[in-house]
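Enquirer: The structure's right below; bear with me while I get my questions together.
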Amino acid sequence: MKPAAFDYRAPRSLDDAVVLLNEAPDETTLLAGGQSLVPMLNMRLARPQLLIDLNRVEDLDEIAQLDGGGLRLGAMVRQRALETDPAVGRHAPLLPEAARHIAHLQIRTRGTLGGSLAHADPAAELPAVMLALDALMLVRGGGGTSRSIQARDFFRGALTTSLDSGEMLTGVEIPPLAVGTGCAFAEFAQVHGAFALAGVAAVVRVDHDGRIDDARIALCGVGPVQYAPAWLGESLVGESPSGKVFADAARRVQEEANALLASHTDRGYRSALAGVLTARALAAAAARSGGGEGW
Amino acid sequence: MSLRNEPSSQALSSVVVRVNGRDVNAQVEPRRLLADFLRDDLHLHGTHLGCEHGVCGACTVLLDGEPVRSCLMLAVQADGAEIMTIEALASETELHPLQEAFREHHALQCGFCTAGFLMTVLHVLRERPDIADEVEIRDAISGNICRCTGYQNIVDAVRDAAATIRWSAAAQADPSVEARD
Amino acid sequence: MLTGADLGPDFGVQPCNHLLHGQRATPYYALARERVRYVGEPVAIVAAESRYIAEDALELIEVEYEPLPSTGSAIAALEPGAARLYDEWPDNVAGTFEQEIGDVDAAFAEADVVVTETFDIQRLFACSLETRGVLAEWSADRDELTLWTSTQVPHIVRDFLAELLRLPKHRVRVRVPRVGGGFGAKFHFYPEEVAVALVAGATGRPVRWVEDRLESFLATVHAREQHVTATIAATREGAITAIAAEIVADMGAALHTVSYGPAWLTSVLIGNVYEIPNIRARMRAVVTNKTPLGSYRGWGQPQANFVTERMVERLADALGKDAITLRRLNFIPVEHFPYTGLHHTFDNGDYMACLDEALVLSGYDAWRERQRALRSEGRHIGIGVSCYVENSALGPSRKLNAGGVQLGGYDIAHIRIEADGTVSVFTGLCEMGQGFTNGLAQLCADELGVRPDDVRVVTGDTEACPYTGYGTGGSRSAAVGGAAITKAARKLREKITTIAAHMLEMAPEDLEIADGRLWPRGVPSRQITFADVGRAAYLRPIDLPDGLEPGLEAIETFDPPEMAWPYGANIVVVEVDVATGQISFLDYTYVHDCGTILNPLIVEGQIHGGVAQGIGMALYEQLCYDEDGQPLFGSFMDYILPTAFEVPRLRLAHQETPSPNIPGGMKGVGEAGAIGSPAAIANAVEDALRPFGAKITALPITPQRVYELIAGESELAGHAAP
């Protein structure tokens, strides 16, 4: 299993990378961590004419706190750093919790945040986390253009994002979590480190009256799309956290997941699993929420 | 039948890398995998290829001190880096305590996966020299597949090696520390 | 590049060395000619300066296929009108086997209880971490061929290769590098071994092919797949009066090297450790458009064990009896050995003692109590038991030949003591990680009177190593290989003692021997060394007794008079998370008897590894095809192997009852761990899910399968895809 031949460039600056990308964008692939791309190169499922290696680009792996409390993460931040960096742990605890489920340590040493997001594998954990955190994707394009895209508009399905030809993801901005927000990530894979059969990222805030005033979830592994049910917030806001409330949400998730998994012979199981993990993740997030003590 | 717009596969890239303490200067095709570079260009055959898609861990080496799958890296990406492979583990005259522990505990049978385990465990022990818990050890090595041993002896070897290394470090720091038996 | 057309019209088919009852010819060649029957069948071979370039070149090859009807299911292949793989055949049955003792139908008619069940055992494969590889090099004069290959059977490869290439066998040398695991899949003779030799011949250069992982999934033999319908009958007191099994073995597209041998072994071991007067096995080996099936640790025994042990559980349920009690009632009693059942004669066995120790060691009763308590908390733990008996020390040559095996079961040991007293042992057996060379070195050292470090075991070279009748498989290296070593070593010991006695002017019986030295009893200072003896034997024959020939070399053959039958018990405790379908191990106890143990560390290693593979079979591994024979797998993304996190620690105890038929008393142990484990695990999971009335009839027991068992969906009663 050896890759087909390609030309290779390792630019040092983001500007150079973008220029190179735009020379022949449809024949060019960006190499970030390589943990998803190189297997595809080895199997000759990916055959770019030009491979642009982003690992030398300066300043693409920064972790910065934003004024107002959010976090900016460069696209080349390693998954291992998501696990271990103290700022990430403080401001976006969902990330280390989810990152621990990504494959194995040796993969996380090289794999990157941006690579995983741009690859948009519906089984991948990080897109689900970005959706649950309502993150902003930072994008650079040819001709010096730049824009930002909400996570929910960024992921368009299996291995598909809304990046145009010639555009690349440079980082994400994670908005600050309101004080007292609890997060949780739950996943099940058949063996340690294998692809998620289903995974759920949950963000819940319970106010001082013991009522939910914000809730978001996103799932991975439930079919061909990144699934973040928009109805969840509405249906949970105002409710007190309880087993029944979460079970109701889980049931609806299960139904929708079952539809998404239409062509899969294991849809019954996977959608049921999605339901179970939804209930677990919501409960855990609520328990960690400032106003949710004792629940 | 011809390949469309064939890239200039003759264009070589330069790689300057320090492997097991020795500087290497090479010209490689960009598509050449790090594992093949180590094995076939540098004749370091201790690193093995079991899958070439990043699952089995037999190809694990240390890159700038961290464990990576050499089958998932291009050789050119190692430019400027420091790599350690299994060949550097033993000294001229002695096995590394990790290797000794593996041998004593019969933690290898066919040996094909062993180099990958050793490089992973070397890193684990540097990060967590106190590691002893069964579940923690199994978690730490779950990124390496073994088809022969059923893992039990590997877990014992890791625990034993960690203790040996801790004792040696303690003894070096304070010679009055009693040797373990 | 070579294709099938380059083989020439007279080129031979890939041969089998097992020619079994009713076996039909399934001709396939080193490179496909005119027709291909499975995804993975070699069609062309391309050589280039590097693998990278060779893969580039592959893309320049266009192959035109005319699709023919195909089938991916053995059951479907048996239907009238099913797509036929071999036009000359009336159907898709490659061979049949049937054997019966007693009168099964009468027993069923008279029984108080009769239970029938159908089992689906999946397709999987040995998946050693090192794939296959071949390197071929012709001598400068092109009259000798050296083939390096990652194999368990160098002599089989040599012989078949020579036949196909029409070379005299003494001009073909097969050498074996370090092998990264074999587990049976490398017991086969592969098309690539021929194709690479041909390319080397055509190019005049050494040629190497290393199988990559994607290729291994399709081109290395698969294993296990069977659909079995079993019926068991008993009195209401629980005496099993009959068991019958109808076996459909999915052989893939061709009979490969060992033919349907594994399925035959399944057939003849139905009944397991139980004394059952009426047994019948009927087996059909069916071809389908999938990778050919072959050898893998256990060779048909895991299936026979699975079916029998599961039927015992079913029977227990039907009778309302405890399954352990039922087992005790029906074990072959100690006093009935040697015991002849359906086909084989078991040498000895105390199955009761084994199970008893396992029950005590595992804390079985305490687990049952814990189970009750945990059930009331909504946790589902299950305890599963299985007992196994295993075929080893393969085997008496005449019996093998009579059964259609075109191989002997003997082993030849060649021992040479060099002029400095160091020892070289040459054996046709192959090291692939199982460590038997250590055992043989130990054995030889003990018999000769030297230190194990002074013994060097040479394997993997048809030039230097003698024939082994059967090859490295069938759990025979320690027993048969060891017995041959013992024989040769004893002969040499006698000669050494004779020479030393002469040199010391003593009677041979008055000498002691240890650590490579000999001395008169009570006078250790008068010692001479093996080096002294060696010098005399090779360089100074004048020092030898009159009439004694120079040299210190012995070649001895051991042909086992009988096979040996190790046995054991697995007791497994699992917890099933009914919300996710996850199965985790809480405890695993293993008690066994493999006869005399040469090296406990090695024996334990074999059991650990065998059990891990049994866990893979029970819970994780499967190779699925669609109904047309299209593979639905491709890589380790689909094929799940258990990691250190999934495989439990074993509590292991040995009992040691020497085999009465093997000098030294060794039985085999290489396959044991893989044989009883799937049944024990399935029993445990079913036990855990008893409140749901779950019935496990298929492997692997994936989380999805657990879900379906609990949800009551019956879709999985058959043989669906994942």
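Ligands are numbered from 1 in the order shown, chains are lettered A, B, ... in the order of the structure tokens, and residues start at 1 in each chain.
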Each residue of chain B lying at most 10 Å from chain C should get a row with its shortest atom-to-atom pair and the distance in Å to one decimal, counting only C-alpha atoms; could you produce that, ordered by chain and increasing number, as a Markdown table?
Expert:
```
| residue | atom | partner | partner_atom | distance |
| --- | --- | --- | --- | --- |
| B:Met1 | CA | C:Leu60 | CA | 6.3 |
| B:Ser2 | CA | C:Leu60 | CA | 7.0 |
| B:Leu3 | CA | C:Leu60 | CA | 8.0 |
| B:Arg31 | CA | C:Tyr52 | CA | 8.9 |
| B:Arg32 | CA | C:Tyr52 | CA | 8.3 |
| B:His48 | CA | C:Glu130 | CA | 8.3 |
| B:Leu49 | CA | C:Glu130 | CA | 7.6 |
| B:Gly50 | CA | C:Leu129 | CA | 5.5 |
| B:Cys51 | CA | C:Arg213 | CA | 5.0 |
| B:Glu52 | CA | C:Arg213 | CA | 7.1 |
| B:His53 | CA | C:Phe636 | CA | 8.0 |
| B:Gly54 | CA | C:Phe636 | CA | 9.0 |
| B:Val55 | CA | C:Phe636 | CA | 6.6 |
| B:Cys56 | CA | C:Leu129 | CA | 8.0 |
| B:Ala58 | CA | C:Leu129 | CA | 8.3 |
| B:Glu104 | CA | C:Leu601 | CA | 9.6 |
| B:His105 | CA | C:Leu601 | CA | 8.1 |
| B:His106 | CA | C:Leu601 | CA | 6.8 |
| B:Ala107 | CA | C:Gly605 | CA | 8.3 |
| B:Leu108 | CA | C:Gly433 | CA | 7.9 |
| B:Gln109 | CA | C:Gly433 | CA | 4.2 |
| B:Cys110 | CA | C:Gly433 | CA | 3.4 |
| B:Gly111 | CA | C:Gly180 | CA | 6.6 |
| B:Phe112 | CA | C:Gly180 | CA | 5.1 |
| B:Cys113 | CA | C:Leu129 | CA | 7.1 |
| B:Glu134 | CA | C:Arg649 | CA | 9.5 |
| B:Val135 | CA | C:Phe645 | CA | 7.5 |
| B:Glu136 | CA | C:Phe645 | CA | 9.3 |
| B:Ile137 | CA | C:Ala644 | CA | 8.7 |
| B:Arg138 | CA | C:Ala644 | CA | 5.2 |
| B:Asp139 | CA | C:Phe645 | CA | 5.9 |
| B:Ala140 | CA | C:Ala644 | CA | 8.9 |
| B:Ile141 | CA | C:Ala644 | CA | 6.6 |
| B:Ser142 | CA | C:Ala644 | CA | 5.2 |
| B:Gly143 | CA | C:Thr643 | CA | 7.4 |
| B:Asn144 | CA | C:Thr643 | CA | 7.2 |
| B:Ile145 | CA | C:Thr643 | CA | 5.9 |
| B:Cys146 | CA | C:Leu129 | CA | 7.3 |
| B:Arg147 | CA | C:Ser128 | CA | 6.2 |
| B:Cys148 | CA | C:Gly609 | CA | 4.9 |
| B:Thr149 | CA | C:Gly609 | CA | 4.5 |
| B:Gly150 | CA | C:Gly609 | CA | 4.4 |
| B:Tyr151 | CA | C:Ala644 | CA | 5.6 |
| B:Gln152 | CA | C:Arg649 | CA | 5.9 |
| B:Asn153 | CA | C:Gly605 | CA | 7.9 |
| B:Ile154 | CA | C:Ala644 | CA | 9.0 |
| B:Val155 | CA | C:Ala644 | CA | 8.3 |
```
Enquirer: Output N, CA and C atoms of each residue in that selection to a file, as a compact mmCIF listing (two decimals), in the first residue's frame.
Expert:
```txt
# COMPACT_ATOMS: atom_id res chain seq x y z
N MET B 1 -3.55 3.11 -21.77
CA MET B 1 -4.09 3.89 -20.64
C MET B 1 -2.96 4.67 -20.01
N SER B 2 -3.18 5.94 -19.80
CA SER B 2 -2.10 6.72 -19.18
C SER B 2 -2.65 7.46 -17.98
N LEU B 3 -1.82 7.75 -17.08
CA LEU B 3 -2.23 8.49 -15.90
C LEU B 3 -2.42 9.95 -16.28
N ARG B 31 6.45 10.94 -1.62
CA ARG B 31 5.47 9.94 -1.22
C ARG B 31 6.06 8.83 -0.37
N ARG B 32 7.38 8.83 -0.20
CA ARG B 32 8.00 7.74 0.54
C ARG B 32 7.59 7.83 2.01
N HIS B 48 8.55 -2.40 12.17
CA HIS B 48 7.83 -3.30 11.26
C HIS B 48 6.55 -2.70 10.74
N LEU B 49 6.13 -3.18 9.60
CA LEU B 49 4.87 -2.73 9.00
C LEU B 49 3.84 -3.84 9.11
N GLY B 50 2.76 -3.59 9.84
CA GLY B 50 1.74 -4.61 10.01
C GLY B 50 0.45 -4.27 9.30
N CYS B 51 0.25 -2.99 8.94
CA CYS B 51 -1.05 -2.66 8.35
C CYS B 51 -0.99 -1.50 7.37
N GLU B 52 -0.07 -0.58 7.57
CA GLU B 52 0.04 0.61 6.74
C GLU B 52 -1.22 1.47 6.73
N HIS B 53 -2.04 1.33 7.74
CA HIS B 53 -3.12 2.32 7.89
C HIS B 53 -3.36 2.72 9.34
N GLY B 54 -2.32 2.60 10.12
CA GLY B 54 -2.33 3.27 11.42
C GLY B 54 -3.06 2.57 12.55
N VAL B 55 -3.38 1.30 12.38
CA VAL B 55 -4.17 0.64 13.42
C VAL B 55 -3.33 -0.26 14.33
N CYS B 56 -2.38 -0.99 13.77
CA CYS B 56 -1.75 -2.05 14.55
C CYS B 56 -0.62 -1.56 15.45
N ALA B 58 2.62 -1.53 15.01
CA ALA B 58 3.92 -2.20 14.90
C ALA B 58 4.99 -1.23 14.42
N GLU B 104 12.18 -11.51 30.33
CA GLU B 104 11.91 -12.29 31.55
C GLU B 104 10.47 -12.74 31.65
N HIS B 105 9.57 -11.87 31.22
CA HIS B 105 8.16 -12.19 31.38
C HIS B 105 7.57 -12.89 30.16
N HIS B 106 8.43 -13.25 29.22
CA HIS B 106 7.92 -13.91 28.00
C HIS B 106 6.83 -13.04 27.38
N ALA B 107 7.17 -11.75 27.25
CA ALA B 107 6.20 -10.79 26.73
C ALA B 107 6.29 -10.64 25.22
N LEU B 108 7.07 -11.50 24.61
CA LEU B 108 7.08 -11.54 23.16
C LEU B 108 7.14 -12.98 22.70
N GLN B 109 6.43 -13.29 21.63
CA GLN B 109 6.50 -14.63 21.03
C GLN B 109 7.09 -14.50 19.64
N CYS B 110 6.33 -14.09 18.67
CA CYS B 110 6.94 -13.96 17.34
C CYS B 110 7.78 -12.69 17.25
N GLY B 111 7.48 -11.71 18.08
CA GLY B 111 8.31 -10.52 18.16
C GLY B 111 7.99 -9.43 17.15
N PHE B 112 7.00 -9.68 16.29
CA PHE B 112 6.77 -8.73 15.21
C PHE B 112 6.23 -7.40 15.73
N CYS B 113 5.44 -7.44 16.78
CA CYS B 113 4.82 -6.23 17.33
C CYS B 113 5.71 -5.56 18.36
N GLU B 134 -3.18 -2.01 36.67
CA GLU B 134 -3.45 -2.90 35.53
C GLU B 134 -4.23 -2.19 34.44
N VAL B 135 -5.30 -1.49 34.85
CA VAL B 135 -6.16 -0.85 33.86
C VAL B 135 -5.43 0.28 33.14
N GLU B 136 -4.65 1.04 33.92
CA GLU B 136 -3.89 2.14 33.31
C GLU B 136 -2.88 1.63 32.30
N ILE B 137 -2.20 0.56 32.67
CA ILE B 137 -1.20 0.00 31.75
C ILE B 137 -1.88 -0.49 30.49
N ARG B 138 -2.98 -1.21 30.66
CA ARG B 138 -3.66 -1.74 29.47
C ARG B 138 -4.16 -0.61 28.58
N ASP B 139 -4.64 0.45 29.19
CA ASP B 139 -5.08 1.61 28.42
C ASP B 139 -3.90 2.20 27.64
N ALA B 140 -2.77 2.30 28.32
CA ALA B 140 -1.60 2.93 27.68
C ALA B 140 -1.07 2.13 26.51
N ILE B 141 -1.26 0.81 26.53
CA ILE B 141 -0.74 0.01 25.43
C ILE B 141 -1.82 -0.43 24.46
N SER B 142 -3.02 0.12 24.60
CA SER B 142 -4.12 -0.36 23.75
C SER B 142 -3.99 0.09 22.31
N GLY B 143 -3.02 0.94 22.03
CA GLY B 143 -2.79 1.35 20.65
C GLY B 143 -1.81 0.45 19.92
N ASN B 144 -1.43 -0.65 20.54
CA ASN B 144 -0.54 -1.62 19.90
C ASN B 144 -1.21 -2.99 19.93
N ILE B 145 -1.29 -3.60 18.79
CA ILE B 145 -1.92 -4.92 18.70
C ILE B 145 -0.87 -6.01 18.80
N CYS B 146 -1.19 -7.04 19.58
CA CYS B 146 -0.37 -8.25 19.58
C CYS B 146 -1.29 -9.43 19.28
N ARG B 147 -0.88 -10.29 18.42
CA ARG B 147 -1.72 -11.42 18.05
C ARG B 147 -1.27 -12.71 18.74
N CYS B 148 -0.09 -12.68 19.35
CA CYS B 148 0.49 -13.90 19.92
C CYS B 148 0.30 -14.05 21.43
N THR B 149 0.51 -12.98 22.18
CA THR B 149 0.70 -13.14 23.62
C THR B 149 -0.56 -13.01 24.46
N GLY B 150 -1.63 -12.45 23.91
CA GLY B 150 -2.78 -12.19 24.76
C GLY B 150 -2.52 -11.09 25.78
N TYR B 151 -1.43 -10.36 25.63
CA TYR B 151 -1.12 -9.13 26.37
C TYR B 151 -0.73 -9.29 27.84
N GLN B 152 -1.12 -10.37 28.47
CA GLN B 152 -0.95 -10.48 29.92
C GLN B 152 0.51 -10.32 30.33
N ASN B 153 1.39 -11.02 29.62
CA ASN B 153 2.80 -10.93 29.99
C ASN B 153 3.40 -9.57 29.66
N ILE B 154 2.84 -8.93 28.64
CA ILE B 154 3.31 -7.58 28.31
C ILE B 154 2.97 -6.62 29.46
N VAL B 155 1.78 -6.74 29.99
CA VAL B 155 1.37 -5.88 31.12
C VAL B 155 2.32 -6.10 32.30
```
Enquirer: Using only C-alpha atoms, which chain A residues lie at most 12 Å away from chain B, written as a PDB file with C-alpha atoms, in the first residue's frame?
Expert:
```pdb
ATOM      1  CA  MET A   1       0.000   0.000   0.000  1.00  0.00           C
ATOM      2  CA  LYS A   2       2.101   2.872  -1.236  1.00  0.00           C
ATOM      3  CA  PRO A   3       0.837   6.272  -2.309  1.00  0.00           C
ATOM      4  CA  ALA A   4       0.699   7.357  -5.912  1.00  0.00           C
ATOM      5  CA  ALA A   5       3.204  10.038  -6.736  1.00  0.00           C
ATOM      6  CA  PHE A   6       2.508  13.672  -5.937  1.00  0.00           C
ATOM      7  CA  ASP A   7       4.343  16.965  -5.807  1.00  0.00           C
ATOM      8  CA  TYR A   8       5.050  18.274  -2.350  1.00  0.00           C
ATOM      9  CA  ARG A   9       5.399  21.697  -0.835  1.00  0.00           C
ATOM     10  CA  ALA A  10       5.879  22.700   2.761  1.00  0.00           C
ATOM     11  CA  GLU A  27      -5.800  18.779  -7.740  1.00  0.00           C
ATOM     12  CA  THR A  28      -4.417  19.803  -4.370  1.00  0.00           C
ATOM     13  CA  LEU A  31      -1.753  17.629   4.748  1.00  0.00           C
ATOM     14  CA  ALA A  32      -2.355  18.388   8.400  1.00  0.00           C
ATOM     15  CA  GLY A  33      -1.804  15.536  10.891  1.00  0.00           C
ATOM     16  CA  GLY A  34      -2.084  12.930   8.182  1.00  0.00           C
ATOM     17  CA  GLN A  35      -3.771  10.372  10.396  1.00  0.00           C
ATOM     18  CA  SER A  36      -6.810  10.246   8.131  1.00  0.00           C
ATOM     19  CA  LEU A  37      -5.160  11.386   4.912  1.00  0.00           C
ATOM     20  CA  VAL A  38      -2.110   9.159   4.809  1.00  0.00           C
ATOM     21  CA  PRO A  39      -4.110   5.918   5.074  1.00  0.00           C
ATOM     22  CA  MET A  40      -6.121   7.196   2.120  1.00  0.00           C
ATOM     23  CA  LEU A  41      -2.940   8.023   0.248  1.00  0.00           C
ATOM     24  CA  ASN A  42      -1.564   4.571   1.061  1.00  0.00           C
ATOM     25  CA  MET A  43      -4.708   2.915  -0.221  1.00  0.00           C
ATOM     26  CA  ARG A  44      -4.667   5.246  -3.231  1.00  0.00           C
ATOM     27  CA  ARG A  47      -4.491  10.899  -5.335  1.00  0.00           C
ATOM     28  CA  PRO A  48      -3.609  14.566  -5.267  1.00  0.00           C
ATOM     29  CA  GLN A  49      -1.273  16.097  -7.806  1.00  0.00           C
ATOM     30  CA  LEU A  50       0.049  18.391  -5.139  1.00  0.00           C
ATOM     31  CA  LEU A  51       0.246  17.864  -1.414  1.00  0.00           C
ATOM     32  CA  ILE A  52       0.676  20.964   0.689  1.00  0.00           C
ATOM     33  CA  ASP A  53       2.131  20.136   4.071  1.00  0.00           C
ATOM     34  CA  LEU A  54       0.838  22.557   6.693  1.00  0.00           C
ATOM     35  CA  ASN A  55       3.135  21.326   9.449  1.00  0.00           C
ATOM     36  CA  ARG A  56       5.725  24.054   8.837  1.00  0.00           C
ATOM     37  CA  ARG A  80      -2.896  15.549  22.078  1.00  0.00           C
ATOM     38  CA  ARG A 100      -9.437  11.074  24.846  1.00  0.00           C
ATOM     39  CA  HIS A 101     -11.742   8.979  22.674  1.00  0.00           C
ATOM     40  CA  ILE A 102      -9.935   9.759  19.451  1.00  0.00           C
ATOM     41  CA  ALA A 103      -8.152   6.579  18.377  1.00  0.00           C
ATOM     42  CA  HIS A 104      -4.953   6.145  20.372  1.00  0.00           C
ATOM     43  CA  LEU A 105      -2.185   8.284  21.799  1.00  0.00           C
ATOM     44  CA  GLN A 106       0.097   7.674  18.853  1.00  0.00           C
ATOM     45  CA  ILE A 107      -2.594   9.036  16.519  1.00  0.00           C
ATOM     46  CA  ARG A 108      -3.325  12.051  18.699  1.00  0.00           C
ATOM     47  CA  THR A 109       0.340  12.968  18.740  1.00  0.00           C
ATOM     48  CA  ARG A 110       0.094  13.894  15.083  1.00  0.00           C
ATOM     49  CA  GLY A 111      -3.616  14.334  14.373  1.00  0.00           C
ATOM     50  CA  VAL A 191     -12.884  -1.890  21.197  1.00  0.00           C
ATOM     51  CA  HIS A 192     -10.620   0.730  22.714  1.00  0.00           C
ATOM     52  CA  GLY A 193      -9.805   3.350  20.138  1.00  0.00           C
ATOM     53  CA  ALA A 194     -12.008   2.037  17.354  1.00  0.00           C
ATOM     54  CA  PHE A 195     -14.426   4.252  15.436  1.00  0.00           C
TER      55      PHE A 195
END
```
Enquirer: Could you please write out, as a list in words, every residue of stretch 16-163 of chain B that DSSP assigns to strand (DSSP E or B)?
Expert: Val16, Val17, Arg18, Val19, Arg22, Asp23, Val24, Asn25, Ala26, Gln27, Val28, Leu33, Thr60, Val61, Leu62, Leu63, Glu66, Pro67, Val68, Arg69, Leu74, Glu82, Ile83 and Met84 of chain B
Enquirer: Export N, CA and C atoms of the chosen residues as a tab-separated table (two decimals), in the first residue's frame?
Expert:
```
chain	number	residue	atom	x	y	z
B	16	VAL	N	16.62	16.20	6.22
B	16	VAL	CA	17.74	16.17	7.17
B	16	VAL	C	17.15	15.77	8.51
B	17	VAL	N	17.59	14.65	9.00
B	17	VAL	CA	16.95	14.12	10.21
B	17	VAL	C	18.01	13.43	11.06
B	18	ARG	N	17.79	13.47	12.35
B	18	ARG	CA	18.71	12.80	13.27
B	18	ARG	C	18.06	11.50	13.73
B	19	VAL	N	18.66	10.39	13.34
B	19	VAL	CA	18.06	9.10	13.67
B	19	VAL	C	18.98	8.34	14.62
B	22	ARG	N	22.28	9.87	15.07
B	22	ARG	CA	23.17	10.04	13.92
B	22	ARG	C	22.48	10.93	12.89
B	23	ASP	N	23.20	11.91	12.37
B	23	ASP	CA	22.59	12.81	11.39
B	23	ASP	C	22.52	12.13	10.03
B	24	VAL	N	21.38	12.29	9.41
B	24	VAL	CA	21.16	11.69	8.11
B	24	VAL	C	20.70	12.76	7.14
B	25	ASN	N	21.27	12.73	5.97
B	25	ASN	CA	20.94	13.69	4.93
B	25	ASN	C	20.53	12.89	3.71
B	26	ALA	N	19.30	13.03	3.29
B	26	ALA	CA	18.85	12.17	2.18
B	26	ALA	C	17.95	12.91	1.22
B	27	GLN	N	17.82	12.34	0.06
B	27	GLN	CA	16.88	12.84	-0.95
B	27	GLN	C	15.84	11.75	-1.14
B	28	VAL	N	14.59	12.11	-0.92
B	28	VAL	CA	13.55	11.08	-1.03
B	28	VAL	C	12.38	11.58	-1.87
B	33	LEU	N	7.08	6.72	2.55
B	33	LEU	CA	6.64	6.71	3.93
B	33	LEU	C	7.85	6.70	4.85
B	60	THR	N	5.45	1.90	15.31
B	60	THR	CA	5.62	3.05	16.21
B	60	THR	C	7.09	3.37	16.45
B	61	VAL	N	7.45	4.64	16.27
B	61	VAL	CA	8.78	5.14	16.61
B	61	VAL	C	8.59	6.40	17.43
B	62	LEU	N	9.66	6.92	17.98
B	62	LEU	CA	9.57	8.19	18.70
B	62	LEU	C	10.06	9.31	17.81
B	63	LEU	N	9.23	10.33	17.62
B	63	LEU	CA	9.58	11.49	16.83
B	63	LEU	C	9.60	12.68	17.78
B	66	GLU	N	8.04	11.75	20.97
B	66	GLU	CA	6.64	11.33	21.09
B	66	GLU	C	6.36	10.16	20.15
B	67	PRO	N	5.49	9.25	20.59
B	67	PRO	CA	5.23	8.06	19.77
B	67	PRO	C	4.35	8.42	18.57
B	68	VAL	N	4.78	8.00	17.39
B	68	VAL	CA	4.00	8.23	16.16
B	68	VAL	C	3.99	6.95	15.34
B	69	ARG	N	2.98	6.85	14.47
B	69	ARG	CA	2.92	5.73	13.53
B	69	ARG	C	3.75	6.11	12.31
B	74	LEU	N	5.03	10.87	6.13
B	74	LEU	CA	5.92	10.86	4.99
B	74	LEU	C	7.33	11.14	5.51
B	82	GLU	N	14.03	14.66	15.32
B	82	GLU	CA	14.89	13.65	15.94
B	82	GLU	C	14.07	12.39	16.12
B	83	ILE	N	14.56	11.31	15.56
B	83	ILE	CA	13.81	10.05	15.60
B	83	ILE	C	14.56	9.01	16.40
B	84	MET	N	13.82	8.28	17.19
B	84	MET	CA	14.41	7.13	17.86
B	84	MET	C	13.68	5.88	17.41
```
Enquirer: Between C:Pro703, C:Pro80, C:Gly449, C:Gly473, which has the minimum distance to chain A (counting only C-alpha atoms)?
Expert: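 Among the listed residues, the smallest separation from chain A belongs to C:Pro703.
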Enquirer: To test your reading of the structure, identify every residue in stretch 14-184 of chain A that backbone DSSP assigns to helix (DSSP H, G or I), and report it as a ChimeraX atom specification.
Expert: /A:14-23,25-27,37-42,54-56,79-84,86-91,94-99,105-108,113-119,125-132,142-144,151-154
Enquirer: So that I can see what lies close to A:Ala64, please list as a list in words the residues with an atom at most 10 Å from it, counting only C-alpha atoms and leaving out residues fewer than 2 positions away in the same chain.
Expert: Asp61, Glu62, Leu66, Asp67, Gly70, Leu71, Arg72, Leu73, Gly74, Ala87, Val88 and Glu173 of chain A
Enquirer: Could you take the residues named above and write them with C-alpha atoms, as a PDB file, in the first residue's frame?
Expert:
```pdb
ATOM      1  CA  ASP A  61      -1.086  25.934  16.095  1.00  0.00           C
ATOM      2  CA  GLU A  62      -1.742  28.653  18.580  1.00  0.00           C
ATOM      3  CA  LEU A  66     -10.037  35.730  23.529  1.00  0.00           C
ATOM      4  CA  ASP A  67     -11.207  38.877  25.227  1.00  0.00           C
ATOM      5  CA  GLY A  70     -13.613  32.452  24.392  1.00  0.00           C
ATOM      6  CA  LEU A  71     -10.810  30.406  22.928  1.00  0.00           C
ATOM      7  CA  ARG A  72      -9.133  30.535  19.550  1.00  0.00           C
ATOM      8  CA  LEU A  73      -7.463  27.361  18.398  1.00  0.00           C
ATOM      9  CA  GLY A  74      -5.286  27.174  15.333  1.00  0.00           C
ATOM     10  CA  ALA A  87      -6.299  26.640  28.816  1.00  0.00           C
ATOM     11  CA  VAL A  88      -8.321  24.247  26.695  1.00  0.00           C
ATOM     12  CA  GLU A 173     -13.178  30.254  17.759  1.00  0.00           C
TER      13      GLU A 173
END
```
Enquirer: What's the separation between atom CA of C:Leu374 and atom CA of C:Gln582, in Å to one decimal place?
Expert: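 Atom-to-atom, atom CA of C:Leu374 to atom CA of C:Gln582, that is 16.9 Å.
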Enquirer: So, counting only C-alpha atoms, which residue among C:Gly8, C:Pro560, C:Gly72, C:Gly581 is closest to chain A?
Expert: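 For chain A, the nearest of the given residues is C:Gly581.
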